[in-house]
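Raw contents of model-v9.txt, compact mmCIF, C-alpha atoms:
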# COMPACT_ATOMS: atom_id res chain seq x y z
CA MET A 156 75.74 -48.53 105.14
CA VAL A 157 78.49 -45.95 104.63
CA GLU A 158 76.97 -44.75 101.34
CA ARG A 159 73.58 -44.28 103.05
CA ILE A 160 75.20 -42.37 105.93
CA LEU A 161 76.96 -40.08 103.44
CA GLY A 162 73.66 -39.55 101.59
CA VAL A 163 71.96 -38.60 104.83
CA LEU A 164 74.77 -36.20 105.71
CA ARG A 165 74.42 -34.62 102.24
CA LEU A 166 70.69 -34.19 103.04
CA ASP A 167 69.91 -36.22 99.92
CA ALA A 168 66.13 -36.78 99.92
CA PRO A 169 66.28 -39.97 97.79
CA THR A 170 68.61 -41.54 100.38
CA TYR A 171 66.13 -40.79 103.16
CA GLN A 172 63.33 -42.23 101.00
CA GLU A 173 65.34 -45.40 100.33
CA ILE A 174 65.96 -45.89 104.06
CA ASP A 175 62.29 -45.25 104.82
CA ARG A 176 61.06 -47.82 102.31
CA ASP A 177 63.65 -50.60 102.68
CA GLU A 178 62.38 -52.85 105.47
CA GLY A 179 65.61 -54.84 105.30
CA LEU A 180 67.48 -51.88 106.80
CA THR A 181 65.77 -51.98 110.21
CA GLY A 182 68.52 -53.99 111.90
CA GLU A 183 71.17 -51.81 110.30
CA ALA A 184 69.34 -48.71 111.53
CA PHE A 185 69.47 -50.02 115.10
CA ALA A 186 73.19 -50.68 114.61
CA VAL A 187 73.70 -47.11 113.35
CA ALA A 188 71.90 -45.72 116.41
CA ALA A 189 73.93 -47.91 118.76
CA ILE A 190 77.20 -46.90 117.09
CA VAL A 191 76.26 -43.20 117.28
CA GLY A 192 75.46 -43.59 120.98
CA ALA A 193 78.66 -45.53 121.65
CA VAL A 194 80.79 -42.98 119.77
CA GLY A 195 79.16 -40.20 121.77
CA GLY A 196 79.92 -42.10 124.97
CA LEU A 197 83.49 -42.79 123.85
CA LEU A 198 84.12 -39.15 122.96
CA GLY A 199 82.75 -38.12 126.34
CA TRP A 200 85.10 -40.57 127.99
CA LEU A 201 88.09 -39.33 125.98
CA ILE A 202 87.49 -35.67 126.81
CA GLY A 203 87.15 -36.58 130.46
CA GLU A 204 83.41 -36.11 130.86
CA GLY A 205 82.38 -39.73 130.96
CA SER A 206 83.45 -43.28 131.63
CA PHE A 207 83.56 -46.65 129.97
CA VAL A 208 80.04 -47.20 131.28
CA GLY A 209 79.01 -44.14 129.24
CA LEU A 210 80.09 -45.97 126.10
CA ILE A 211 77.69 -48.86 126.78
CA GLY A 212 75.05 -46.56 128.24
CA GLY A 213 75.32 -44.31 125.19
CA ALA A 214 74.55 -47.20 122.86
CA ILE A 215 71.64 -48.45 124.95
CA GLY A 216 70.32 -44.94 125.53
CA ALA A 217 70.48 -44.15 121.82
CA ILE A 218 68.36 -47.18 120.99
CA ILE A 219 65.81 -46.44 123.73
CA GLY A 220 65.67 -42.79 122.65
CA LEU A 221 65.22 -43.82 119.03
CA VAL A 222 62.34 -46.18 119.83
CA ILE A 223 60.53 -43.61 122.00
CA GLY A 224 61.35 -40.62 119.78
CA ALA A 225 60.11 -42.38 116.64
CA GLY A 226 56.84 -43.16 118.39
CA ILE A 227 56.35 -39.58 119.52
CA LEU A 228 57.23 -38.14 116.11
CA LEU A 229 54.93 -40.66 114.44
CA LEU A 230 51.98 -39.53 116.59
CA VAL A 231 52.70 -35.81 116.19
CA GLY A 232 53.20 -36.28 112.45
CA LYS A 233 49.86 -38.07 112.12
CA LEU A 234 48.20 -35.03 113.74
CA PHE A 235 49.55 -33.00 110.81
CA GLY A 236 48.44 -35.46 108.15
CA GLY A 237 51.73 -37.36 107.95
CA GLN A 238 51.86 -40.71 106.18
CA ALA A 239 54.82 -42.38 107.93
CA ASP A 240 54.83 -45.88 109.28
CA TYR A 241 56.66 -46.49 112.55
CA LEU A 242 59.59 -48.59 111.31
CA GLY A 243 60.22 -46.42 108.26
CA LEU A 244 60.38 -43.32 110.44
CA LEU A 245 62.53 -45.14 112.98
CA ARG A 246 65.01 -46.12 110.26
CA THR A 247 65.32 -42.61 108.87
CA LEU A 248 65.69 -41.10 112.34
CA ALA A 249 68.42 -43.60 113.21
CA TYR A 250 70.47 -42.55 110.21
CA ALA A 251 69.63 -38.89 110.83
CA SER A 252 71.17 -39.20 114.30
CA VAL A 253 74.71 -39.64 112.92
CA PRO A 254 75.84 -36.00 113.46
CA GLY A 255 74.70 -36.34 117.08
CA ALA A 256 77.73 -38.55 117.75
CA LEU A 257 79.75 -35.33 117.97
CA SER A 258 77.31 -33.40 120.15
CA GLY A 259 79.34 -33.92 123.33
CA ILE A 260 82.44 -32.16 122.01
CA PRO A 261 82.72 -28.55 123.18
CA PHE A 262 81.91 -26.00 120.43
CA ILE A 263 81.73 -28.65 117.68
CA GLY A 264 78.81 -30.17 119.54
CA ILE A 265 76.63 -27.12 118.96
CA VAL A 266 77.10 -27.34 115.20
CA ALA A 267 76.65 -31.13 115.28
CA SER A 268 73.41 -30.79 117.27
CA ILE A 269 72.01 -28.23 114.84
CA TYR A 270 72.99 -30.45 111.92
CA ALA A 271 71.36 -33.48 113.60
CA PHE A 272 68.19 -31.39 113.99
CA VAL A 273 68.25 -30.56 110.27
CA CYS A 274 68.76 -34.25 109.44
CA ALA A 275 65.83 -35.17 111.72
CA VAL A 276 63.62 -32.63 109.95
CA ILE A 277 64.52 -34.14 106.56
CA ALA A 278 63.87 -37.64 107.95
CA VAL A 279 60.43 -36.59 109.22
CA ARG A 280 59.66 -34.76 105.99
CA GLU A 281 60.51 -37.73 103.80
CA SER A 282 58.89 -40.38 106.02
CA HIS A 283 55.68 -38.45 106.65
CA ALA A 284 55.54 -37.03 103.10
CA VAL A 285 54.92 -33.49 104.36
CA GLY A 286 56.49 -30.14 103.54
CA THR A 287 59.65 -28.89 105.23
CA GLY A 288 57.79 -26.32 107.34
CA VAL A 289 55.38 -28.94 108.65
CA ALA A 290 58.32 -31.27 109.37
CA VAL A 291 60.01 -28.52 111.40
CA VAL A 292 56.83 -28.08 113.44
CA ILE A 293 56.52 -31.85 113.95
CA VAL A 294 60.06 -32.01 115.31
CA LEU A 295 59.78 -28.82 117.38
CA ILE A 296 56.53 -29.63 119.19
CA PRO A 297 57.92 -32.54 121.27
CA ALA A 298 61.15 -30.60 121.82
CA ALA A 299 59.20 -27.57 123.09
CA ILE A 300 57.09 -29.73 125.40
CA ILE A 301 60.18 -31.41 126.85
CA PHE A 302 61.89 -28.03 127.22
CA GLY A 303 58.83 -26.66 129.01
CA ILE A 304 58.75 -29.62 131.40
CA LEU A 305 62.44 -29.14 132.16
CA ILE A 306 61.86 -25.44 132.88
CA VAL A 307 59.03 -26.29 135.29
CA PHE A 308 61.23 -28.84 137.10
CA ALA A 309 64.11 -26.36 137.25
CA LEU A 310 61.83 -23.70 138.71
CA LEU A 311 60.39 -26.14 141.25
CA PHE A 312 63.88 -27.28 142.19
CA GLY A 313 65.02 -23.67 142.52
CA LEU A 314 62.02 -22.83 144.71
CA ALA A 315 62.71 -25.89 146.86
CA ILE A 316 66.35 -24.86 147.29
CA ALA A 317 65.31 -21.28 148.08
CA GLY A 318 62.80 -22.56 150.62
CA LEU A 319 65.45 -24.65 152.31
CA SER A 320 67.83 -21.74 152.65
CA VAL A 321 65.36 -19.42 154.36
Could you write out this file's structure as structure tokens?
Amino acid sequence: MVERILGVLRLDAPTYQEIDRDEGLTGEAFAVAAIVGAVGGLLGWLIGEGSFVGLIGGAIGAIIGLVIGAGILLLVGKLFGGQADYLGLLRTLAYASVPGALSGIPFIGIVASIYAFVCAVIAVRESHAVGTGVAVVIVLIPAAIIFGILIVFALLFGLAIAGLSV
């Protein structure tokens, strides 16, 4: 597992391909996602922005996010001619999430989040067998949609607050 994690962090395409194709790594991939979520929850707890519940919630949330995210990226990838299968993509995305364990740390978290994005792009590229540019688009489309929805909710919330204060 450690060697595969290091390969993913080195952005080594053959490592991503191995993870994508090895069906025996599915359980390990879920473990990686749970560990990443738990580490993120633990770091949040240690820097005073979380609790012990965040540790457990981080692990569970990481697995739920992985399952849903893999499904969304599978569908978007298929729209662009991608060839991924669900579990192969899920496995590569689980491993690609490793830098995200540090995303809750001030300043370091920004770099870790960008690096996790790059790892996700490589995971999508290798699983879907598409070019890097197409993989970036596949990853950005759901992110842009979610961002847009959040903006709409923020605006509606702001208008509601403004309406209450009049």
Select, from A:Arg246, A:Arg159, A:Lys233, A:Arg165, the residue with the minimum atom-to-atom distance to A:Ala284, counting all atoms listed in the file.
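Among the listed residues, the smallest separation from A:Ala284 belongs to A:Lys233.
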Pick out the closest residue to A:Glu281 from this set: A:Ile174, A:Ile215, A:Ile260, A:Val231. Count only C-alpha atoms.
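Ranking A:Ile174, A:Ile215, A:Ile260, A:Val231 by distance to A:Glu281, first place goes to A:Ile174.
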Box in all listed atoms of stretch 229-247 of chain A, axis-aligned, with 8 Å more on each side; write out centre and edge lengths in Å to one decimal as lines of an AutoDock Vina configuration file.
center_x = 56.8
center_y = -40.8
center_z = 111.4
size_x = 33.1
size_y = 31.6
size_z = 26.4
Each residue of stretch 204-303 of chain A lying at most 8 Å from stretch 183-191 of chain A should get a row with its shortest atom-to-atom pair and the distance in Å to one decimal, counting only C-alpha atoms; could you produce that, ordered by chain and increasing number, as CSV?
residue,atom,partner,partner_atom,distance
A:Gly213,CA,A:Ala189,CA,7.5
A:Ala214,CA,A:Ala189,CA,4.2
A:Ile215,CA,A:Ala189,CA,6.6
A:Ala217,CA,A:Ala188,CA,5.8
A:Ile218,CA,A:Ala188,CA,6.0
A:Leu221,CA,A:Ala188,CA,7.4
A:Leu245,CA,A:Ala184,CA,7.8
A:Arg246,CA,A:Ala184,CA,5.2
A:Thr247,CA,A:Ala184,CA,7.8
A:Ala249,CA,A:Ala188,CA,5.2
A:Tyr250,CA,A:Ala184,CA,6.4
A:Ser252,CA,A:Ala188,CA,6.9
A:Val253,CA,A:Val191,CA,5.8
A:Gly255,CA,A:Val191,CA,7.0
A:Ala256,CA,A:Val191,CA,4.9
Atom CA of A:Ala299 and atom CA of A:Gln172 are how many Å apart?
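These two atoms are separated by 26.8 Å.
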In Å to one decimal, how far is atom CA of A:His283 from atom CA of A:Ile296?
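Straight-line distance from atom CA of A:Ile296 to atom CA of A:His283 works out to 15.4 Å.
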Would you pick out the contacts of stretch 274-280 of chain A at 9 Å or less, using only C-alpha atoms, so that residues sharing its chain but fewer than 4 positions from it are not included, and give the list as a ChimeraX atom specification?
/A:163-164,166-168,171-172,175,228-229,232,237,239,244,246-254,269-270,284-294
For a test of reading the model, state the distance in Å between atom CA of A:Ile301 and atom CA of A:Leu210, rounded to one decimal.
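Value for the atom CA of A:Ile301-atom CA of A:Leu210 distance: 24.7 Å.
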Choose the residue, out of A:Tyr241, A:Leu314, A:Ala271, A:Gly259, that has the smallest atom-to-atom separation from A:Glu178; count only C-alpha atoms.
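Once distances to A:Glu178 are computed over only C-alpha atoms, the minimum belongs to A:Tyr241.
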Determine the nearest neighbour of A:Leu242 from the options A:Pro297, A:Gly264, A:Gly303, A:Gly224, counting all atoms listed in the file.
A:Gly224
Restricting the calculation to all atoms listed in the file: of A:Pro261, A:Asp177, A:Leu305, A:Ser282, which residue gets closest to A:Gly236?
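Of A:Pro261, A:Asp177, A:Leu305, A:Ser282, the one nearest A:Gly236, counting all atoms listed in the file, is A:Ser282.
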Using all atoms listed in the file for the distances, tell me which of A:Gly212, A:Pro169, A:Gly226, A:Gly196 is nearest to A:Asp240.
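Going through A:Gly212, A:Pro169, A:Gly226, A:Gly196 one by one, the smallest distance to A:Asp240 is for A:Gly226.
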